[in-house]
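Colleague: Input file: model-v3.csv. Contents: CSV, C-alpha atoms.
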```csv
chain,number,residue,atom,x,y,z
F,1,MET,CA,-77.2,-8.8,-82.2
F,2,THR,CA,-76.1,-12.4,-82.3
F,3,GLU,CA,-73.0,-11.7,-80.3
F,4,GLU,CA,-75.0,-10.0,-77.6
F,5,ILE,CA,-77.2,-13.1,-77.4
F,6,VAL,CA,-74.2,-15.4,-77.1
F,7,GLU,CA,-72.7,-13.2,-74.5
F,8,ALA,CA,-75.9,-13.1,-72.5
F,9,ARG,CA,-76.1,-16.9,-72.7
F,10,GLU,CA,-72.5,-17.3,-71.5
F,11,THR,CA,-73.2,-14.9,-68.6
F,12,GLN,CA,-76.3,-16.9,-67.6
F,13,ALA,CA,-74.3,-20.2,-67.8
F,14,LEU,CA,-71.8,-18.8,-65.2
F,15,THR,CA,-72.5,-20.7,-62.0
F,16,ALA,CA,-72.0,-19.8,-58.4
F,17,ARG,CA,-69.4,-22.5,-58.1
F,18,GLN,CA,-67.4,-21.0,-60.9
F,19,VAL,CA,-67.6,-17.6,-59.3
F,20,ALA,CA,-66.4,-19.1,-56.0
F,21,ASP,CA,-63.6,-21.0,-57.7
F,22,TYR,CA,-62.4,-17.8,-59.4
F,23,LEU,CA,-62.5,-15.7,-56.3
F,24,GLN,CA,-60.6,-18.5,-54.4
F,25,ALA,CA,-58.0,-18.6,-57.1
F,26,HIS,CA,-57.7,-14.8,-57.1
F,27,PRO,CA,-57.9,-13.7,-53.5
F,28,ASP,CA,-56.7,-10.2,-54.4
F,29,PHE,CA,-59.6,-9.7,-56.8
F,30,PHE,CA,-61.1,-6.9,-54.7
F,31,VAL,CA,-57.9,-5.0,-54.3
F,32,ASP,CA,-58.4,-1.5,-55.8
F,33,ARG,CA,-62.1,-2.3,-56.3
F,34,ASP,CA,-63.4,-0.4,-53.2
F,35,ASP,CA,-66.6,0.7,-55.0
F,36,LEU,CA,-67.5,-2.9,-55.7
F,37,LEU,CA,-66.9,-3.9,-52.1
F,38,LEU,CA,-69.2,-1.1,-50.9
F,39,GLU,CA,-71.9,-2.5,-53.1
F,40,LEU,CA,-71.6,-6.1,-51.8
F,41,THR,CA,-73.9,-7.0,-48.9
F,42,LEU,CA,-74.9,-10.3,-47.3
F,43,PRO,CA,-78.3,-11.1,-45.8
F,44,HIS,CA,-78.2,-11.5,-42.0
F,45,LYS,CA,-80.1,-14.2,-40.2
F,46,ARG,CA,-82.5,-11.5,-38.8
F,47,GLY,CA,-83.2,-10.1,-42.3
F,48,ASP,CA,-80.8,-7.2,-42.1
F,49,THR,CA,-77.8,-6.8,-44.3
F,50,ILE,CA,-74.1,-6.6,-43.4
F,51,SER,CA,-71.1,-5.7,-45.5
F,52,LEU,CA,-68.8,-8.3,-46.8
F,53,VAL,CA,-66.0,-7.0,-44.6
F,54,GLU,CA,-68.2,-7.2,-41.5
F,55,ARG,CA,-69.1,-10.7,-42.3
F,56,GLN,CA,-65.5,-11.7,-42.8
F,57,VAL,CA,-64.6,-10.1,-39.4
F,58,ALA,CA,-67.5,-12.0,-37.8
F,59,LEU,CA,-66.4,-15.3,-39.3
F,60,LEU,CA,-62.8,-14.7,-38.3
F,61,ARG,CA,-63.9,-14.0,-34.7
F,62,GLU,CA,-66.0,-17.1,-34.6
F,63,ARG,CA,-63.1,-19.2,-35.9
F,64,ALA,CA,-60.7,-17.6,-33.4
F,65,LEU,CA,-63.2,-18.5,-30.6
F,66,ASP,CA,-63.4,-22.1,-31.9
F,67,TYR,CA,-59.6,-22.4,-32.0
F,68,ARG,CA,-59.4,-21.0,-28.5
F,69,TYR,CA,-61.9,-23.6,-27.3
F,70,GLN,CA,-60.0,-26.4,-29.0
F,71,LEU,CA,-56.7,-25.2,-27.4
F,72,ASN,CA,-58.3,-25.0,-24.0
F,73,ARG,CA,-59.7,-28.5,-24.4
F,74,LEU,CA,-56.2,-29.8,-25.4
F,75,SER,CA,-54.7,-28.1,-22.4
F,76,GLU,CA,-57.3,-29.7,-20.1
F,77,ASN,CA,-56.7,-33.1,-21.6
F,78,ALA,CA,-53.0,-32.7,-21.1
F,79,LYS,CA,-53.5,-31.9,-17.4
F,80,GLU,CA,-55.9,-34.9,-17.0
F,81,ASN,CA,-53.4,-37.2,-18.7
F,82,GLU,CA,-50.6,-35.9,-16.5
F,83,GLN,CA,-52.6,-36.5,-13.3
F,84,LEU,CA,-53.6,-40.0,-14.6
F,85,PHE,CA,-49.9,-40.8,-15.4
F,86,GLU,CA,-48.8,-39.8,-11.9
F,87,LYS,CA,-51.5,-42.0,-10.3
F,88,MET,CA,-50.4,-44.8,-12.6
F,89,ARG,CA,-46.8,-44.3,-11.8
F,90,LEU,CA,-47.4,-44.5,-8.0
F,91,LEU,CA,-49.5,-47.6,-8.5
F,92,VAL,CA,-46.9,-49.4,-10.6
F,93,LEU,CA,-44.2,-48.6,-8.0
F,94,SER,CA,-46.4,-50.0,-5.3
F,95,LEU,CA,-47.1,-53.2,-7.3
F,96,LEU,CA,-43.4,-53.7,-7.9
F,97,GLU,CA,-42.7,-53.3,-4.2
F,98,SER,CA,-45.4,-55.8,-3.1
F,99,LYS,CA,-43.9,-58.7,-1.1
F,100,ASP,CA,-46.6,-61.3,-1.8
F,101,LEU,CA,-49.9,-61.9,-3.6
F,102,GLU,CA,-51.9,-60.8,-0.6
F,103,GLN,CA,-50.1,-57.4,-0.5
F,104,LEU,CA,-50.4,-57.1,-4.2
F,105,ILE,CA,-54.2,-57.6,-4.1
F,106,ASP,CA,-54.6,-55.1,-1.3
F,107,THR,CA,-52.5,-52.6,-3.2
F,108,ILE,CA,-54.5,-52.8,-6.4
F,109,SER,CA,-57.9,-52.8,-4.6
F,110,ASP,CA,-57.0,-49.7,-2.5
F,111,SER,CA,-55.6,-47.8,-5.4
F,112,LEU,CA,-58.6,-48.4,-7.7
F,113,ASN,CA,-61.0,-47.5,-4.9
F,114,HIS,CA,-59.3,-44.4,-3.6
F,115,GLU,CA,-56.9,-43.0,-6.1
F,116,PHE,CA,-58.7,-43.8,-9.3
F,117,GLY,CA,-62.3,-43.6,-8.0
F,118,ILE,CA,-63.4,-46.8,-9.6
F,119,GLU,CA,-66.9,-47.7,-8.5
F,120,PHE,CA,-66.7,-51.4,-9.0
F,121,HIS,CA,-63.8,-53.7,-9.7
F,122,SER,CA,-63.3,-57.4,-9.8
F,123,LEU,CA,-59.9,-59.1,-9.8
F,124,MET,CA,-60.1,-62.8,-10.6
F,125,LEU,CA,-57.1,-65.2,-10.6
F,126,PHE,CA,-57.1,-68.4,-12.5
F,127,SER,CA,-55.9,-71.6,-10.8
F,128,ASP,CA,-56.8,-75.3,-10.7
F,129,LYS,CA,-55.7,-75.4,-7.1
F,130,PRO,CA,-57.3,-73.7,-4.1
F,131,MET,CA,-55.6,-70.5,-2.9
F,132,SER,CA,-56.1,-68.8,0.4
F,133,LEU,CA,-56.3,-65.3,-0.8
F,134,PRO,CA,-58.8,-62.3,-0.4
F,135,VAL,CA,-59.7,-62.6,-4.1
F,136,ARG,CA,-61.8,-64.7,-6.3
F,137,ILE,CA,-60.2,-67.8,-7.7
F,138,GLU,CA,-61.6,-69.5,-10.8
F,139,HIS,CA,-60.5,-72.4,-13.0
F,140,ASN,CA,-59.2,-71.2,-16.4
F,141,ASP,CA,-61.6,-73.4,-18.3
F,142,VAL,CA,-64.6,-72.0,-16.4
F,143,ALA,CA,-63.6,-68.4,-17.1
F,144,ASN,CA,-63.0,-69.1,-20.8
F,145,MET,CA,-66.4,-70.7,-21.1
F,146,ALA,CA,-68.1,-67.8,-19.4
F,147,LEU,CA,-66.1,-64.9,-21.1
F,148,GLY,CA,-65.1,-66.4,-24.5
F,149,SER,CA,-63.5,-63.8,-26.8
F,150,LEU,CA,-63.1,-61.3,-23.9
F,151,LEU,CA,-60.3,-63.5,-22.7
F,152,SER,CA,-59.1,-65.1,-25.9
F,153,SER,CA,-58.3,-61.8,-27.6
F,154,GLY,CA,-55.8,-61.0,-24.8
F,155,LYS,CA,-56.6,-57.3,-25.3
F,156,ALA,CA,-58.2,-54.7,-23.0
F,157,VAL,CA,-61.7,-53.7,-24.1
F,158,SER,CA,-64.4,-51.3,-22.8
F,159,GLY,CA,-68.1,-50.8,-23.3
F,160,GLN,CA,-71.0,-53.1,-22.9
F,161,VAL,CA,-71.0,-56.9,-22.3
F,162,THR,CA,-73.8,-59.5,-22.2
F,163,PRO,CA,-75.8,-59.9,-19.0
F,164,ALA,CA,-74.3,-63.4,-18.5
F,165,GLU,CA,-70.7,-62.0,-18.8
F,166,MET,CA,-71.6,-59.1,-16.4
F,167,ASP,CA,-73.0,-61.6,-13.8
F,168,PHE,CA,-69.8,-63.7,-14.1
F,169,LEU,CA,-67.6,-60.7,-13.6
F,170,PHE,CA,-69.3,-58.8,-10.9
F,171,GLN,CA,-71.7,-61.4,-9.4
F,172,GLU,CA,-74.1,-59.7,-6.8
F,173,GLN,CA,-73.0,-56.2,-8.0
F,174,SER,CA,-73.7,-56.9,-11.6
F,175,GLU,CA,-77.1,-55.1,-11.7
F,176,LYS,CA,-75.4,-51.9,-10.5
F,177,VAL,CA,-72.8,-51.8,-13.3
F,178,GLY,CA,-73.6,-49.9,-16.5
F,179,SER,CA,-70.4,-50.1,-18.4
F,180,VAL,CA,-67.1,-52.0,-18.0
F,181,ALA,CA,-63.4,-52.1,-18.9
F,182,ILE,CA,-61.9,-55.6,-19.1
F,183,ILE,CA,-58.2,-56.2,-18.8
F,184,PRO,CA,-57.0,-59.8,-19.4
F,185,LEU,CA,-54.0,-60.7,-17.4
F,186,ASN,CA,-51.6,-62.7,-19.5
F,187,TYR,CA,-47.9,-63.5,-19.4
F,188,SER,CA,-46.5,-65.5,-22.3
F,189,LEU,CA,-43.4,-66.7,-20.6
F,190,ILE,CA,-45.3,-69.0,-18.3
F,191,ASP,CA,-47.7,-71.9,-18.9
F,192,PRO,CA,-50.6,-71.5,-19.0
F,193,PRO,CA,-50.2,-67.8,-19.9
F,194,GLN,CA,-53.7,-66.7,-18.7
F,195,LEU,CA,-53.3,-65.6,-15.1
F,196,GLY,CA,-56.6,-63.9,-14.5
F,197,ILE,CA,-58.7,-60.9,-15.4
F,198,LEU,CA,-59.3,-57.4,-13.9
F,199,ALA,CA,-62.7,-55.9,-14.6
F,200,LEU,CA,-63.5,-52.2,-13.9
F,201,GLY,CA,-67.1,-51.1,-13.7
F,202,SER,CA,-69.1,-47.9,-13.6
F,203,SER,CA,-72.8,-47.3,-12.9
F,204,ASP,CA,-72.7,-44.8,-15.8
F,205,LYS,CA,-73.4,-46.6,-19.1
F,206,GLU,CA,-71.4,-44.0,-21.0
F,207,HIS,CA,-68.3,-44.0,-18.7
F,208,PHE,CA,-66.5,-46.9,-20.4
F,209,LYS,CA,-67.3,-46.6,-24.1
F,210,ALA,CA,-66.6,-49.1,-26.9
F,211,GLY,CA,-63.6,-47.8,-28.9
F,212,MET,CA,-62.3,-45.5,-26.1
F,213,GLY,CA,-58.5,-45.4,-25.6
F,214,THR,CA,-57.1,-48.3,-23.6
F,215,VAL,CA,-53.5,-47.3,-23.4
F,216,PHE,CA,-53.4,-46.8,-19.6
F,217,ILE,CA,-55.5,-49.8,-18.7
F,218,SER,CA,-53.5,-52.0,-21.1
F,219,TYR,CA,-50.3,-50.7,-19.5
F,220,LEU,CA,-51.7,-51.5,-16.0
F,221,GLY,CA,-52.6,-55.0,-17.3
F,222,ASP,CA,-49.0,-55.6,-18.6
F,223,VAL,CA,-47.4,-54.6,-15.3
F,224,LEU,CA,-49.9,-56.4,-13.1
F,225,SER,CA,-49.5,-59.6,-15.2
F,226,ARG,CA,-45.7,-59.6,-14.8
F,227,VAL,CA,-45.9,-59.0,-11.0
F,228,LEU,CA,-48.6,-61.6,-10.6
F,229,ALA,CA,-46.5,-64.2,-12.6
F,230,ARG,CA,-43.6,-63.6,-10.3
F,231,HIS,CA,-45.7,-64.2,-7.1
F,232,MET,CA,-47.7,-67.1,-8.5
F,233,ARG,CA,-44.6,-69.0,-9.5
F,234,SER,CA,-42.9,-68.4,-6.1
```
In structure tokens, how does this file's structure come out?
Modeller:
Amino acid sequence: MTEEIVEARETQALTARQVADYLQAHPDFFVDRDDLLLELTLPHKRGDTISLVERQVALLRERALDYRYQLNRLSENAKENEQLFEKMRLLVLSLLESKDLEQLIDTISDSLNHEFGIEFHSLMLFSDKPMSLPVRIEHNDVANMALGSLLSSGKAVSGQVTPAEMDFLFQEQSEKVGSVAIIPLNYSLIDPPQLGILALGSSDKEHFKAGMGTVFISYLGDVLSRVLARHMRS
């Protein structure tokens, strides 16, 4: 009698977690236990019951669909990146072939507008001397005072900026811009190394998100900085 009580208590103490752990450690437990499988049922969301095998098949089908979706998404991302790389390649070649600053400015503006479909962009060059160019010229100190860490970090960033920073970057268009990507243009082999800044804007507040990848725009900034340095020194 005492042994039966102890056995009953041990059975009651067996938790669902222990059962799950045991079945996971012995995946062949149901081999040659067809009668047990036939007795197992799982409640369905609608209140009906389905067999364990049916539930397994359903789960495997759902998992397969999820994997297929992920694979399709990866394929789409690969195609998008390939198209973006090709546009970037053509832009870089055009920048390298530019004969002077004016042609360089026209090239970057035309490409951003038509090839990349950028709604708003602002290219600003830093100089303490007046320059006759179709682009905005600002003194380095003025830009650093207005943009602070956006310039001093030297790294491309994206997302939201303060209203004052937005006004400085896009001026009369600032109220139309919802999110931005900012690319400092620096070249360490010249003094001062800060050459300017390129700001890209979208009316969509979610288009340029904080923390999004900046590989392509950083690459554009590196190339543009070097070409700018060449023309600004000549």
Colleague: With a distance cut-off of 12 Å and all atoms listed in the file, select the neighbouring residues of Asp100 of chain F, excluding the residue or stretch itself and same-chain residues fewer than 6 positions from it, and output the selection as a PyMOL selection string.
Modeller: chain F and resi 94+106-107+133+227-234
Colleague: Just checking: using only C-alpha atoms, which residue out of F:Ile197, F:Ala181, F:Leu71, F:Leu220 ends up closest to Ser152 of chain F?
Modeller: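 Ranking F:Ile197, F:Ala181, F:Leu71, F:Leu220 by distance to Ser152 of chain F, first place goes to F:Ile197.
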Colleague: In Å, with one decimal, what is the gap from atom CA of Gln171 of chain F to atom CA of Gly117 of chain F?
Modeller: 20.2 Å
Colleague: By how many Å are atom CA of Glu206 of chain F and atom CA of Leu95 of chain F apart?
Modeller: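 Atom CA of Leu95 of chain F lies at a distance of 29.4 Å from atom CA of Glu206 of chain F.
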Colleague: Pick from F:Val223, F:Ala156, F:Ala20, F:Leu185: nearest to Phe208 of chain F, with only C-alpha atoms counted?
Modeller: F:Ala156
Colleague: What does the distance from atom CA of Asp222 of chain F to atom CA of Asn186 of chain F come to in Å, to one decimal?
Modeller: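 Computing the Euclidean distance for atom CA of Asp222 of chain F and atom CA of Asn186 of chain F yields 7.6 Å.
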Colleague: So that I can see what lies close to segment 110-112 of chain F, please list as a list of chain:residue names the residues with an atom at most 8 Å from it, counting all atoms listed in the file and leaving out residues fewer than 5 positions away in the same chain.
Modeller: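 Result of the neighbour search: F:Leu91, F:Gly117, F:Ile118, F:His121.
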Colleague: Can you pull out every residue within 10 Å of Gln194 of chain F, counting only C-alpha atoms, but drop anything in the same chain fewer than 2 positions away, and send it as a ChimeraX atom specification?
Modeller: /F:125-127,140,144,151-152,154,184-188,190-192,196-197,225,229
Colleague: Looking at F:Asp204, F:Glu62, F:Glu115, F:Glu165, which one is nearest to Gln83 of chain F, with distances taken over all atoms listed in the file?
Modeller: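 Going through F:Asp204, F:Glu62, F:Glu115, F:Glu165 one by one, the smallest distance to Gln83 of chain F is for F:Glu115.
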Colleague: Which residue is closest to Arg136 of chain F? Choose from F:Gly178, F:Leu198, F:Asp28, F:Val157 and count only C-alpha atoms.
Modeller: F:Leu198
Colleague: Could you give me, as a VMD selection string, the residues within 10 Å of Ser174 of chain F, counting all atoms listed in the file and dropping anything in the same chain fewer than 3 positions from it?
Modeller: chain F and resid 120 163 to 171 177 to 178 201 203
Colleague: Could you please fill out segment 135-170 of chain F with N, CA and C atoms and send it back as a tab-separated table (two decimals), in the frame of the given file?
Modeller:
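The result, written out as part-v9.tsv:
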```
chain	number	residue	atom	x	y	z
F	135	VAL	N	-59.31	-62.87	-2.69
F	135	VAL	CA	-59.70	-62.60	-4.10
F	135	VAL	C	-60.34	-63.80	-4.66
F	136	ARG	N	-61.10	-63.60	-5.69
F	136	ARG	CA	-61.80	-64.70	-6.30
F	136	ARG	C	-60.90	-65.57	-7.15
F	137	ILE	N	-61.03	-66.89	-6.98
F	137	ILE	CA	-60.20	-67.80	-7.70
F	137	ILE	C	-61.16	-68.67	-8.62
F	138	GLU	N	-60.84	-68.75	-9.91
F	138	GLU	CA	-61.60	-69.50	-10.80
F	138	GLU	C	-60.72	-70.41	-11.68
F	139	HIS	N	-61.26	-71.53	-12.13
F	139	HIS	CA	-60.50	-72.40	-13.00
F	139	HIS	C	-60.48	-71.73	-14.40
F	140	ASN	N	-59.35	-71.86	-15.08
F	140	ASN	CA	-59.20	-71.20	-16.40
F	140	ASN	C	-60.27	-71.64	-17.38
F	141	ASP	N	-60.63	-72.91	-17.40
F	141	ASP	CA	-61.60	-73.40	-18.30
F	141	ASP	C	-63.00	-72.78	-18.07
F	142	VAL	N	-63.33	-72.62	-16.81
F	142	VAL	CA	-64.60	-72.00	-16.40
F	142	VAL	C	-64.69	-70.58	-16.90
F	143	ALA	N	-63.60	-69.84	-16.69
F	143	ALA	CA	-63.60	-68.40	-17.10
F	143	ALA	C	-63.65	-68.30	-18.61
F	144	ASN	N	-62.94	-69.16	-19.35
F	144	ASN	CA	-63.00	-69.10	-20.80
F	144	ASN	C	-64.35	-69.44	-21.35
F	145	MET	N	-65.04	-70.35	-20.69
F	145	MET	CA	-66.40	-70.70	-21.10
F	145	MET	C	-67.35	-69.57	-20.89
F	146	ALA	N	-67.16	-68.84	-19.79
F	146	ALA	CA	-68.10	-67.80	-19.40
F	146	ALA	C	-67.79	-66.48	-20.22
F	147	LEU	N	-66.53	-66.21	-20.52
F	147	LEU	CA	-66.10	-64.90	-21.10
F	147	LEU	C	-65.72	-65.02	-22.58
F	148	GLY	N	-65.39	-66.20	-23.05
F	148	GLY	CA	-65.10	-66.40	-24.50
F	148	GLY	C	-64.06	-65.44	-25.02
F	149	SER	N	-64.46	-64.66	-26.04
F	149	SER	CA	-63.50	-63.80	-26.80
F	149	SER	C	-62.97	-62.67	-25.90
F	150	LEU	N	-63.66	-62.33	-24.82
F	150	LEU	CA	-63.10	-61.30	-23.90
F	150	LEU	C	-61.80	-61.70	-23.35
F	151	LEU	N	-61.60	-63.00	-23.20
F	151	LEU	CA	-60.30	-63.50	-22.70
F	151	LEU	C	-59.39	-63.91	-23.82
F	152	SER	N	-59.93	-64.58	-24.83
F	152	SER	CA	-59.10	-65.10	-25.90
F	152	SER	C	-58.38	-64.07	-26.71
F	153	SER	N	-58.97	-62.87	-26.80
F	153	SER	CA	-58.30	-61.80	-27.60
F	153	SER	C	-57.05	-61.33	-26.91
F	154	GLY	N	-57.00	-61.42	-25.58
F	154	GLY	CA	-55.80	-61.00	-24.80
F	154	GLY	C	-55.67	-59.47	-24.78
F	155	LYS	N	-56.67	-58.73	-25.25
F	155	LYS	CA	-56.60	-57.30	-25.30
F	155	LYS	C	-57.62	-56.62	-24.38
F	156	ALA	N	-57.26	-55.47	-23.84
F	156	ALA	CA	-58.20	-54.70	-23.00
F	156	ALA	C	-59.31	-54.16	-23.86
F	157	VAL	N	-60.54	-54.26	-23.38
F	157	VAL	CA	-61.70	-53.70	-24.10
F	157	VAL	C	-62.58	-52.96	-23.13
F	158	SER	N	-63.47	-52.13	-23.69
F	158	SER	CA	-64.40	-51.30	-22.80
F	158	SER	C	-65.73	-51.22	-23.54
F	159	GLY	N	-66.75	-50.94	-22.74
F	159	GLY	CA	-68.10	-50.80	-23.30
F	159	GLY	C	-69.11	-51.63	-22.60
F	160	GLN	N	-69.94	-52.30	-23.40
F	160	GLN	CA	-71.00	-53.10	-22.90
F	160	GLN	C	-70.68	-54.62	-23.06
F	161	VAL	N	-71.16	-55.43	-22.15
F	161	VAL	CA	-71.00	-56.90	-22.30
F	161	VAL	C	-72.39	-57.50	-22.07
F	162	THR	N	-72.49	-58.79	-22.31
F	162	THR	CA	-73.80	-59.50	-22.20
F	162	THR	C	-74.13	-59.59	-20.67
F	163	PRO	N	-75.42	-59.74	-20.36
F	163	PRO	CA	-75.80	-59.90	-19.00
F	163	PRO	C	-75.12	-61.10	-18.29
F	164	ALA	N	-74.94	-62.20	-19.05
F	164	ALA	CA	-74.30	-63.40	-18.50
F	164	ALA	C	-72.82	-63.07	-18.14
F	165	GLU	N	-72.14	-62.34	-19.03
F	165	GLU	CA	-70.70	-62.00	-18.80
F	165	GLU	C	-70.65	-61.00	-17.60
F	166	MET	N	-71.62	-60.08	-17.52
F	166	MET	CA	-71.60	-59.10	-16.40
F	166	MET	C	-71.83	-59.87	-15.08
F	167	ASP	N	-72.74	-60.85	-15.06
F	167	ASP	CA	-73.00	-61.60	-13.80
F	167	ASP	C	-71.72	-62.39	-13.42
F	168	PHE	N	-71.02	-62.94	-14.40
F	168	PHE	CA	-69.80	-63.70	-14.10
F	168	PHE	C	-68.73	-62.80	-13.52
F	169	LEU	N	-68.62	-61.61	-14.07
F	169	LEU	CA	-67.60	-60.70	-13.60
F	169	LEU	C	-67.82	-60.06	-12.29
F	170	PHE	N	-69.06	-59.59	-12.08
F	170	PHE	CA	-69.30	-58.80	-10.90
F	170	PHE	C	-70.31	-59.46	-9.90
```
